[in-house]
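> Sharing a structure, written as structure tokens. Questions coming.
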Amino acid sequence: MADGVDAKSIVDSCREAFEAGKTRSYEARIQNLHSLRRLLVENKQAFVDAARKDLGKPEFETVNFEIDFCYNEVITYINELHEWMKPEKVGMTAAAIGKHAFIQTEPLGVVLIIGAWNYPIQMVVHPLVGALAAGNTVIVKPSEISEASAKLFEELFPKYLDPSCFRLVNGGVAETTALLEQKFDHIMYTGNGRVARIVYSAAAKHLTPVTLELGGKSPVYIDENCNIDIAVRRTVSAKFYNAGQTCIAPDYIICRHDMTEKVVASIKRALKQFFGKDPKQSGDFGRIVSVRHMKRLLSLLEDQEIAIGGESNEESLYIAPTVLVNVKDMDKVMQEEIFGPILPIFNRDSVDEAIKFINQRDKPLALYAFSSATRVLDRLRNETSSGAFCGNECFVYGGVETLPFGGVGGSGTGCYHGKFTFDTFSHRKACLVDPIYTVSEMARGLLYAPFSERKKALVAWGLKKRLRNKTLWNLLLLAGAVAVVAVVYRICQSTSN
């Protein structure tokens, strides 16, 4: 490994720190959050430069979708952590009468976070915020593909975070494999399904829970009953952020065949508006991460009908925003997640056909639909399954911290963002305390053998739940309200007299 320390030593060191309680207290967690905040603030330009070197990423995207996105998450945690750490009261049942029942969150232990190259800052810091705030020690393995960002993190981590509690391991497949051989208390992986299966298999050997943030082919359904230009602008902007290398980017458009010409014309206008006549000269359009990824993307264009774009330059890792038409379901471009600036238009002539096609494929990370008809949006939301659904919008749901971010089926398991990250890296422990146990012992004795017929009857009567009679309940509430009004009226009458 880069620092000459083997995986076992790193994990053992973090486990010793966790067992010593170095990360458990509220004070320690807040201090670590402030350290992470300073790491982001004091190295903002360095992160912008690293992301540009790795992906040709525009400054706007790096600042807004990575640095400030993570900064806002840190601030949320600093503001809310004290409340989130409090025991959560739960409803009482007959078995808990006289006792205190609550849920207490506790850290899991040593956590492994395996980041992704496409958002090399966000995919390290964002899950780290929740993991350390939950009181864990954390080992982070950034993607070696985004080399500049990974090296920057390797330099900064020990300057801002306690190396005995938080470690960053750089390297490739060998280093990742060595880490996966160790026992962790939770593993979070962001990436593709092939590697996810390897992570899942390694975790299973230790019964380690996992969160898998994958991707898939997220469709955009454009209904004939919608404002096509708005639908296209939102789709195009979401698709071509980071040159299409985003897990929640629209992967393909579904529309009626007779709408294709209008959609293509609208896409041309949107691309010109966003990136000018030549996107290659635009400072707002990124580049492909490597030659290997570029060659994979170009192979998807073979034997396809290109309506827009198609130009490429291997030396500068540039592929123009490209739109394909007359795409068939068995074409290679429809068999795998594109993860690049290629947007196929796939034709289905009714919402029924679109729903059927979507349901025949792996469940996507996101499903986007545009329609002025609420009925159409409701059908797509209710009759399909996806990690997330957006009606008349794309992409921005990922920035809503009160929504869980995660997939379903082939697009992932588990979720994070906001408090969901805190919950992912915490154990919610059920707690029951009887503060009056010497007084409640007589009632508790009903559960001690021997069990007489009288005991059986009393316990069955006391513990058995009953269906709530909503009509009777509403009548009781009404009667109570009438009684209150009557009392108030009498008080008013007596006061006036």
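Lettering and numbering for the structure tokens are positional, with chains as A, B, ... in the shown order, residues counted from 1 in each chain, and ligands counted from 1 in the shown order.
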Just want the 12 Å neighbourhood of region 447-453 of chain A, counted on only C-alpha atoms, with same-chain residues fewer than 6 positions away dropped. Output as a PyMOL selection string.

chain A and resi 95+441+459-460+462-463

> Any chance you could export the current selection's N, CA, C and O atoms as a PDB file, in the first residue's frame?


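Result file is result03.pdb:
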```
ATOM      1  N   ALA A  95     -47.711  -4.618  27.331  1.00  0.00           N
ATOM      2  CA  ALA A  95     -46.565  -5.299  27.922  1.00  0.00           C
ATOM      3  C   ALA A  95     -45.557  -4.323  28.523  1.00  0.00           C
ATOM      4  O   ALA A  95     -44.708  -4.714  29.318  1.00  0.00           O
ATOM      5  N   GLU A 441     -43.791  -5.619  40.470  1.00  0.00           N
ATOM      6  CA  GLU A 441     -43.535  -7.051  40.513  1.00  0.00           C
ATOM      7  C   GLU A 441     -44.812  -7.866  40.626  1.00  0.00           C
ATOM      8  O   GLU A 441     -44.918  -8.969  40.088  1.00  0.00           O
ATOM      9  N   VAL A 459     -54.111 -12.576  31.573  1.00  0.00           N
ATOM     10  CA  VAL A 459     -53.066 -12.222  30.626  1.00  0.00           C
ATOM     11  C   VAL A 459     -53.637 -12.087  29.217  1.00  0.00           C
ATOM     12  O   VAL A 459     -53.317 -11.146  28.480  1.00  0.00           O
ATOM     13  N   ALA A 460     -54.487 -13.014  28.817  1.00  0.00           N
ATOM     14  CA  ALA A 460     -55.085 -12.963  27.483  1.00  0.00           C
ATOM     15  C   ALA A 460     -55.913 -11.699  27.309  1.00  0.00           C
ATOM     16  O   ALA A 460     -55.851 -11.034  26.265  1.00  0.00           O
ATOM     17  N   GLY A 462     -55.550  -8.854  29.016  1.00  0.00           N
ATOM     18  CA  GLY A 462     -54.716  -7.658  29.109  1.00  0.00           C
ATOM     19  C   GLY A 462     -53.838  -7.420  27.892  1.00  0.00           C
ATOM     20  O   GLY A 462     -53.590  -6.273  27.509  1.00  0.00           O
ATOM     21  N   LEU A 463     -53.343  -8.484  27.273  1.00  0.00           N
ATOM     22  CA  LEU A 463     -52.403  -8.323  26.176  1.00  0.00           C
ATOM     23  C   LEU A 463     -53.039  -8.340  24.791  1.00  0.00           C
ATOM     24  O   LEU A 463     -52.411  -7.925  23.819  1.00  0.00           O
TER      25      LEU A 463
END
```

> Give me the residues of region 279-309 of chain A that have any atom at most 12 Å from an atom of region 236-245 of chain A; for each, the nearest atom pair and the distance in Å, rounded to one decimal. Use only C-alpha atoms, sort by chain and number, and format it as JSON lines.


```
{"residue": "A:Pro279", "atom": "CA", "partner": "A:Ala243", "partner_atom": "CA", "distance": 10.6}
{"residue": "A:Lys280", "atom": "CA", "partner": "A:Ala243", "partner_atom": "CA", "distance": 11.2}
{"residue": "A:Ser282", "atom": "CA", "partner": "A:Ala243", "partner_atom": "CA", "distance": 11.9}
{"residue": "A:Gly283", "atom": "CA", "partner": "A:Asn242", "partner_atom": "CA", "distance": 11.7}
{"residue": "A:Asp284", "atom": "CA", "partner": "A:Tyr241", "partner_atom": "CA", "distance": 8.6}
{"residue": "A:Phe285", "atom": "CA", "partner": "A:Ala243", "partner_atom": "CA", "distance": 6.3}
{"residue": "A:Gly286", "atom": "CA", "partner": "A:Ala243", "partner_atom": "CA", "distance": 5.0}
{"residue": "A:Arg287", "atom": "CA", "partner": "A:Ala243", "partner_atom": "CA", "distance": 6.0}
{"residue": "A:Ile288", "atom": "CA", "partner": "A:Ala243", "partner_atom": "CA", "distance": 6.8}
{"residue": "A:Val289", "atom": "CA", "partner": "A:Gln245", "partner_atom": "CA", "distance": 8.7}
{"residue": "A:Ser290", "atom": "CA", "partner": "A:Gln245", "partner_atom": "CA", "distance": 11.7}
{"residue": "A:His293", "atom": "CA", "partner": "A:Gln245", "partner_atom": "CA", "distance": 10.3}
{"residue": "A:Met294", "atom": "CA", "partner": "A:Ala243", "partner_atom": "CA", "distance": 11.2}
{"residue": "A:Leu297", "atom": "CA", "partner": "A:Gly244", "partner_atom": "CA", "distance": 10.9}
```

> I need the residue nearest Leu152 (chain A) from this list: A:Leu271, A:Ala50, A:Leu180, A:Leu207. Use only C-alpha atoms for the distance.

A:Ala50

> Once DSSP has gone over the backbone, tell me which residues of region 66-220 of chain A are in strand (DSSP E), as a PyMOL selection string.

chain A and resi 88-89+100-107+110-114+137-141+166-168+186-190+210-213+219-220

> Would you mind exporting C-alpha atoms of the selected residues as a CSV table (one decimal), in the first residue's frame?


```
chain,number,residue,atom,x,y,z
A,88,GLU,CA,-36.3,8.1,20.6
A,89,LYS,CA,-39.5,7.5,22.6
A,100,HIS,CA,-39.7,3.2,29.7
A,101,ALA,CA,-39.5,2.0,26.1
A,102,PHE,CA,-37.2,3.8,23.7
A,103,ILE,CA,-34.7,3.4,20.8
A,104,GLN,CA,-31.1,4.3,21.3
A,105,THR,CA,-28.7,4.7,18.4
A,106,GLU,CA,-25.2,3.4,18.8
A,107,PRO,CA,-22.2,3.3,16.4
A,110,VAL,CA,-15.3,0.1,12.0
A,111,VAL,CA,-16.8,1.2,8.7
A,112,LEU,CA,-15.3,0.8,5.2
A,113,ILE,CA,-16.3,3.3,2.5
A,114,ILE,CA,-15.3,2.5,-1.1
A,137,THR,CA,-14.1,4.8,13.0
A,138,VAL,CA,-13.8,4.9,9.2
A,139,ILE,CA,-11.5,3.6,6.5
A,140,VAL,CA,-12.0,5.2,3.1
A,141,LYS,CA,-10.8,3.7,-0.2
A,166,PHE,CA,-9.9,7.7,10.2
A,167,ARG,CA,-7.7,6.3,7.5
A,168,LEU,CA,-7.6,6.8,3.8
A,186,HIS,CA,-20.5,-2.0,7.7
A,187,ILE,CA,-19.3,-1.6,4.1
A,188,MET,CA,-20.6,1.0,1.7
A,189,TYR,CA,-19.7,0.7,-2.0
A,190,THR,CA,-20.5,3.1,-4.8
A,210,VAL,CA,-23.6,-3.5,3.1
A,211,THR,CA,-24.9,-0.5,1.4
A,212,LEU,CA,-24.6,-0.7,-2.4
A,213,GLU,CA,-25.1,2.5,-4.4
A,219,PRO,CA,-35.3,6.2,-18.2
A,220,VAL,CA,-37.0,9.5,-19.0
```

> Would you please work out which residue, of A:Val232, A:Gly171, A:Ala388, A:Phe157, is nearest to Val400 (chain A) when using only C-alpha atoms?

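Looking only at the distances to Val400 (chain A), the closest residue turns out to be A:Ala388.
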
> Rank A:Gln45, A:Thr76, A:Ser164, A:Gln281 by their smallest atom-to-atom distance to Lys22 (chain A), using only C-alpha atoms, and report the top residue only.

A:Ser164

> Would you please extract all alpha helix (DSSP H) residues from region 355-387 of chain A, as assigned by DSSP on the backbone, and give them as an MDAnalysis selection string?

chainID A and resid 355:359 374:382

> Next, dump the selected residues to file, keeping only N, CA, C and O atoms, as a PDB file, in the first residue's frame.


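Result saved to again.pdb:
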```pdb
ATOM      1  N   ILE A 355     -44.460   1.458 -19.726  1.00  0.00           N
ATOM      2  CA  ILE A 355     -44.444   0.803 -18.409  1.00  0.00           C
ATOM      3  C   ILE A 355     -44.027  -0.653 -18.543  1.00  0.00           C
ATOM      4  O   ILE A 355     -43.202  -1.153 -17.760  1.00  0.00           O
ATOM      5  N   LYS A 356     -44.563  -1.334 -19.529  1.00  0.00           N
ATOM      6  CA  LYS A 356     -44.216  -2.740 -19.747  1.00  0.00           C
ATOM      7  C   LYS A 356     -42.735  -2.889 -20.033  1.00  0.00           C
ATOM      8  O   LYS A 356     -42.065  -3.781 -19.484  1.00  0.00           O
ATOM      9  N   PHE A 357     -42.187  -1.999 -20.879  1.00  0.00           N
ATOM     10  CA  PHE A 357     -40.765  -2.076 -21.224  1.00  0.00           C
ATOM     11  C   PHE A 357     -39.890  -1.828 -19.994  1.00  0.00           C
ATOM     12  O   PHE A 357     -38.921  -2.547 -19.752  1.00  0.00           O
ATOM     13  N   ILE A 358     -40.219  -0.833 -19.215  1.00  0.00           N
ATOM     14  CA  ILE A 358     -39.437  -0.513 -18.014  1.00  0.00           C
ATOM     15  C   ILE A 358     -39.452  -1.684 -17.039  1.00  0.00           C
ATOM     16  O   ILE A 358     -38.423  -2.044 -16.453  1.00  0.00           O
ATOM     17  N   ASN A 359     -40.612  -2.298 -16.877  1.00  0.00           N
ATOM     18  CA  ASN A 359     -40.741  -3.387 -15.909  1.00  0.00           C
ATOM     19  C   ASN A 359     -40.069  -4.684 -16.363  1.00  0.00           C
ATOM     20  O   ASN A 359     -39.832  -5.577 -15.548  1.00  0.00           O
ATOM     21  N   THR A 374     -51.720  14.396 -14.617  1.00  0.00           N
ATOM     22  CA  THR A 374     -51.400  13.768 -13.331  1.00  0.00           C
ATOM     23  C   THR A 374     -51.610  12.261 -13.384  1.00  0.00           C
ATOM     24  O   THR A 374     -50.851  11.487 -12.784  1.00  0.00           O
ATOM     25  N   ARG A 375     -52.608  11.837 -14.132  1.00  0.00           N
ATOM     26  CA  ARG A 375     -52.909  10.410 -14.246  1.00  0.00           C
ATOM     27  C   ARG A 375     -51.719   9.636 -14.808  1.00  0.00           C
ATOM     28  O   ARG A 375     -51.405   8.536 -14.355  1.00  0.00           O
ATOM     29  N   VAL A 376     -51.054  10.215 -15.815  1.00  0.00           N
ATOM     30  CA  VAL A 376     -49.895   9.559 -16.426  1.00  0.00           C
ATOM     31  C   VAL A 376     -48.739   9.469 -15.426  1.00  0.00           C
ATOM     32  O   VAL A 376     -48.097   8.415 -15.283  1.00  0.00           O
ATOM     33  N   LEU A 377     -48.457  10.561 -14.716  1.00  0.00           N
ATOM     34  CA  LEU A 377     -47.398  10.543 -13.710  1.00  0.00           C
ATOM     35  C   LEU A 377     -47.701   9.526 -12.617  1.00  0.00           C
ATOM     36  O   LEU A 377     -46.815   8.786 -12.170  1.00  0.00           O
ATOM     37  N   ASP A 378     -48.957   9.480 -12.192  1.00  0.00           N
ATOM     38  CA  ASP A 378     -49.351   8.534 -11.139  1.00  0.00           C
ATOM     39  C   ASP A 378     -49.160   7.094 -11.601  1.00  0.00           C
ATOM     40  O   ASP A 378     -48.706   6.234 -10.836  1.00  0.00           O
ATOM     41  N   ARG A 379     -49.489   6.818 -12.849  1.00  0.00           N
ATOM     42  CA  ARG A 379     -49.334   5.450 -13.357  1.00  0.00           C
ATOM     43  C   ARG A 379     -47.868   5.039 -13.381  1.00  0.00           C
ATOM     44  O   ARG A 379     -47.508   3.941 -12.950  1.00  0.00           O
ATOM     45  N   LEU A 380     -47.013   5.920 -13.879  1.00  0.00           N
ATOM     46  CA  LEU A 380     -45.590   5.582 -13.935  1.00  0.00           C
ATOM     47  C   LEU A 380     -44.999   5.439 -12.543  1.00  0.00           C
ATOM     48  O   LEU A 380     -44.140   4.592 -12.303  1.00  0.00           O
ATOM     49  N   ARG A 381     -45.458   6.243 -11.600  1.00  0.00           N
ATOM     50  CA  ARG A 381     -44.946   6.152 -10.224  1.00  0.00           C
ATOM     51  C   ARG A 381     -45.429   4.882  -9.539  1.00  0.00           C
ATOM     52  O   ARG A 381     -44.659   4.225  -8.817  1.00  0.00           O
ATOM     53  N   ASN A 382     -46.691   4.534  -9.753  1.00  0.00           N
ATOM     54  CA  ASN A 382     -47.293   3.412  -9.029  1.00  0.00           C
ATOM     55  C   ASN A 382     -47.109   2.061  -9.702  1.00  0.00           C
ATOM     56  O   ASN A 382     -47.138   1.026  -9.038  1.00  0.00           O
TER      57      ASN A 382
END
```

> For the atom pair CA of Glu314 (chain A) and CA of Val291 (chain A), what is the interatomic distance in Å to one decimal place?

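Calculated distance between CA of Glu314 (chain A) and CA of Val291 (chain A) is 6.8 Å.
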
> So, counting only C-alpha atoms, which residue among A:Arg24, A:Leu33, A:Leu477, A:Gly56 is closest to Ser316 (chain A)?

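Once distances to Ser316 (chain A) are computed over only C-alpha atoms, the minimum belongs to A:Gly56.
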
> Between CA of Gly216 (chain A) and CA of Glu337 (chain A), what is the distance in Å, rounded to a tenth?

5.3 Å

> I'd like the contact shell of His257 (chain A) - 7 Å cut-off, only C-alpha atoms, skipping same-chain residues fewer than 6 positions apart - returned as JSON, numbers by chain.

{"A": [347, 348, 349]}

> Find the residue from A:Phe153, A:Trp84, A:Tyr160, A:Tyr221 that sits nearest to Ala354 (chain A); use only C-alpha atoms when measuring.

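Smallest separation from Ala354 (chain A) among the options: A:Tyr221.
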
> Counting only C-alpha atoms, what is within 12 Å of His126 (chain A), bar same-chain residues fewer than 2 positions away, as a PyMOL selection string?

chain A and resi 33+36-37+40+65-77+113-116+119-124+128-133+140+188+190+399+401+405+416-422

> Work out how far apart CA of Pro87 (chain A) and CA of Met442 (chain A) are and give it in Å to one decimal.

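It comes out at 28.6 Å.
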
> Between A:Lys86, A:Lys328, A:Arg292, A:Arg233, which is the closest to Val264 (chain A) once you count only C-alpha atoms?

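Closest residue, counting only C-alpha atoms: A:Arg233.
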
> List the spatial neighbours of Leu301 (chain A) as a ChimeraX atom specification - criterion: any atom at most 10 Å away, only C-alpha atoms, same-chain residues fewer than 2 positions off excluded.

/A:296-299,303-306,310,322-324,331-333,342,344
